[in-house]
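As structure tokens, the structure follows; a few thoughts come after it.
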Amino acid sequence: MSDWLATEIHRFDPTLPVQDASSPPASWYSSRAVHDLEQRAVFGRRWIFACRSDEVAEPNSYASGTYGGIPWVVARDGDGVLRAFHNVCRHRGAEVVKGCARAGSLTCRYHGWIYRLDGRLKAAPRMGAMTGFDRDAMSLPPMQVVEWGPLVLVNPDLEARPFLEDFGEIDAILAPTGWDRLRFGHRKVWDVACNWKVFSDNYLDGGYHIAHMHPTLDAQLDMSSYQTELYGWFSVQTSRPGDGNDARVGIDVGKRMGDGPIYAYLYPSLMINRYGPVLDTNLVVPIAPGRCQVIFDFWFDDTVDDAFIEESLAQTEITQLEDIDVSESVQVGTASLAYDRGRYASSWEKGIHHFHGLLAVDLREGLGRR
């Protein structure tokens with residue numbers, strides 16, 4: 001299996017320009033071995049959106065979850081210091097806490113081990129006589145954490161570069177839009193029968209599929225102005241808004257789209273969409289080789305009313321249902337006997353190619369670390 005896996009990973013050449021390259025082989029989208037390698041080589045080393053800032057805004061609050069097989073917990077102590085840890089009890093490996101709450105400590109629901117909000121073990125009840133028990137060594141393993149705008153991100157790799165060293169340019173793009181001053185309004189979670197990369201590829205195709213799959217979104221954009229810009233660890237797609245005179249959509253395009261959307265993809269799996277008075281984020285969560293979850297969070301400007309919010313959410317749902325339908329169809333096709341690799345539409349799909357290149361480097365390095 002190890003020889004097969006190495007061969008499949010190296011079948012994609014990240015050094016080839018988009019016009020010369022073939023896409024990764026179908027095994028990247030259906031193999032359990034590739035899925036397991038990604039957990040170590042990608043999600044164990046990169047910055048992942050963990051929770052919203054408002055979920056851990058108060059002292060003695062925490063939020064928890066799992067991403068890429070990695071349980072995490074973010075906690076703000078009584079002095080306001082934000083920390084993150086692997087949410088794994090040092091006794092039997094249970095998740096220490098679930099969900100979000102306010103508490104002065106983290107208590108494992110399995111056997112009652114208690115951890116302070118700085119990760120140190122506070123109590124291990126009813127353990128009896130033990131030899132060689134080092135309480136300090138039983139602290140929760142730390143992660144890197146950063147609070148960025150309305151988001152909190154974590155990184156299991158303590159030696160990884162600070163977040164803004166790799167993502168400072170997208171911070172500079174979003175900051176003038178006031179994205180950190182909006183109020184949270186809604187969350188929607190979708191279970192999708194496709195590999196997480198299929199859903200990401202669909203987002204990154206430079207608008208290539210919009211005219212074919214999204215008539216109402218196509219009506220809101222000036223597709224002649226659509227463009228993709230590539231950066232080190234992210235890409236940005238932008239467009240001017242449509243003229244608002246398209247009969248396919250019955251909303252105020254100028255109000256919803258403003259000066260035009262910013263669609264940013266932060267490697268490995270976070271989408272940030274800023275348009276008009278709206279911010280929405282889409283986090284693609286890998287669950288299994290042929291299954292992912294997509295978590296949508298929405299923020300709105302205080303100037304919009306409930307009717308606008310409901311209509312905006314309805315328009316987003318139309319687009320997402322179309323994306324889910326085609327992503328699940330792609331998963332069926334890539335898992336079939338008929339498909340191995342495709343080619344890139346070089347004038348549109350450079351964002352996908354860029355994403356695949358970053359992924360290929362991580363996977364190759366992950367093979368070496370095994």
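Letters A, B, ... mark the chains of the structure tokens in the order given; residue numbers begin at 1 per chain; ligand numbers begin at 1, in order shown.
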
Within 9 Å of A:Gly342, counting only C-alpha atoms, which residues qualify if same-chain residues fewer than 5 places away don't, as a ChimeraX atom specification? /A:22-25

Got time to write the residues from that selection, N, CA, C and O atoms, as a PDB file, in the first residue's frame?
ATOM      1  N   SER A  22      -2.077  17.951 -15.877  1.00  0.00           N
ATOM      2  CA  SER A  22      -3.286  17.162 -15.671  1.00  0.00           C
ATOM      3  C   SER A  22      -3.653  17.245 -14.198  1.00  0.00           C
ATOM      4  O   SER A  22      -2.785  17.439 -13.332  1.00  0.00           O
ATOM      5  N   SER A  23      -4.916  17.088 -13.913  1.00  0.00           N
ATOM      6  CA  SER A  23      -5.375  17.174 -12.526  1.00  0.00           C
ATOM      7  C   SER A  23      -4.959  15.931 -11.751  1.00  0.00           C
ATOM      8  O   SER A  23      -4.525  14.929 -12.337  1.00  0.00           O
ATOM      9  N   PRO A  24      -5.047  15.960 -10.421  1.00  0.00           N
ATOM     10  CA  PRO A  24      -4.677  14.781  -9.626  1.00  0.00           C
ATOM     11  C   PRO A  24      -5.515  13.565 -10.013  1.00  0.00           C
ATOM     12  O   PRO A  24      -6.643  13.698 -10.490  1.00  0.00           O
ATOM     13  N   PRO A  25      -4.970  12.370  -9.799  1.00  0.00           N
ATOM     14  CA  PRO A  25      -5.716  11.166 -10.143  1.00  0.00           C
ATOM     15  C   PRO A  25      -6.957  10.998  -9.265  1.00  0.00           C
ATOM     16  O   PRO A  25      -7.049  11.555  -8.171  1.00  0.00           O
TER      17      PRO A  25
END

DSSP on the backbone: what in stretch 176-350 of chain A comes out strand (DSSP E or B), as a PyMOL selection string? chain A and resi 183-192+221-230+234-241+262-266+270-275+278-288+291-300+343

Atom CA of A:Tyr267 and atom CA of A:Glu159 are how many Å apart?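 Rounded to one decimal, the two atoms are 17.6 Å apart.
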
Shortest contact to A:Val192, candidates A:Val253, A:Ala160, A:Val285, A:Val88, atoms counted only C-alpha atoms, goes to A:Val285

Atom CA of A:Ser346 to atom CA of A:Leu363 measures 23.6 Å

For stretch 141-150 of chain A: contacts at 8 Å, only C-alpha atoms, fewer than 6 positions along chain excluded, given as a ChimeraX atom specification: /A:52-54,74,82-86,119,156-158,163,179-180

Serialized selection, N, CA, C and O atoms, as a compact mmCIF listing (two decimals), in the first residue's frame:
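The resulting file, part_10.txt, is shown below:
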# COMPACT_ATOMS: atom_id res chain seq x y z
N ARG A 52 -16.10 30.91 16.10
CA ARG A 52 -16.27 32.35 15.97
C ARG A 52 -15.73 33.04 17.22
O ARG A 52 -15.78 32.49 18.33
N SER A 53 -15.27 34.26 17.07
CA SER A 53 -14.75 35.00 18.21
C SER A 53 -15.81 35.20 19.28
O SER A 53 -15.51 35.18 20.48
N ASP A 54 -17.06 35.41 18.86
CA ASP A 54 -18.11 35.66 19.85
C ASP A 54 -18.39 34.44 20.72
O ASP A 54 -18.92 34.57 21.83
N VAL A 74 -10.78 25.52 22.32
CA VAL A 74 -10.28 26.88 22.48
C VAL A 74 -10.88 27.42 23.77
O VAL A 74 -12.09 27.32 23.99
N LEU A 82 -6.41 33.84 25.49
CA LEU A 82 -6.98 32.80 24.63
C LEU A 82 -5.93 31.73 24.35
O LEU A 82 -4.80 32.03 23.97
N ARG A 83 -6.31 30.47 24.55
CA ARG A 83 -5.42 29.34 24.30
C ARG A 83 -6.18 28.26 23.56
O ARG A 83 -7.41 28.24 23.55
N ALA A 84 -5.44 27.33 22.97
CA ALA A 84 -6.05 26.19 22.29
C ALA A 84 -5.27 24.93 22.64
O ALA A 84 -4.05 24.96 22.84
N PHE A 85 -6.00 23.81 22.67
CA PHE A 85 -5.40 22.53 23.05
C PHE A 85 -6.02 21.40 22.24
O PHE A 85 -7.13 21.53 21.70
N HIS A 86 -5.31 20.29 22.18
CA HIS A 86 -5.92 19.05 21.73
C HIS A 86 -6.93 18.63 22.78
O HIS A 86 -6.60 18.48 23.97
N GLY A 119 -4.64 24.58 30.44
CA GLY A 119 -4.29 23.24 30.01
C GLY A 119 -3.69 22.35 31.07
O GLY A 119 -3.58 21.13 30.87
N PRO A 156 -2.36 22.73 14.91
CA PRO A 156 -1.72 21.74 15.79
C PRO A 156 -0.20 21.77 15.76
O PRO A 156 0.43 21.27 16.69
N ASP A 157 0.37 22.34 14.70
CA ASP A 157 1.82 22.37 14.54
C ASP A 157 2.39 23.57 15.29
O ASP A 157 2.24 24.71 14.85
N LEU A 158 3.07 23.32 16.40
CA LEU A 158 3.61 24.41 17.21
C LEU A 158 4.77 25.12 16.53
O LEU A 158 5.16 26.21 16.95
N PHE A 163 0.13 32.97 11.82
CA PHE A 163 -0.92 33.06 10.82
C PHE A 163 -0.72 34.24 9.86
O PHE A 163 -0.78 34.08 8.63
N TRP A 179 -15.14 43.91 7.72
CA TRP A 179 -15.68 42.56 7.92
C TRP A 179 -15.71 42.15 9.39
O TRP A 179 -16.46 41.27 9.77
N ASP A 180 -14.91 42.81 10.21
CA ASP A 180 -14.85 42.47 11.63
C ASP A 180 -15.87 43.26 12.46
O ASP A 180 -15.94 43.09 13.68

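In terms of minimum interatomic distance to A:Leu117, A:Ala103 ranks closest within A:Ala103, A:Ile210, A:Leu151, A:Ala193, counting only C-alpha atoms.
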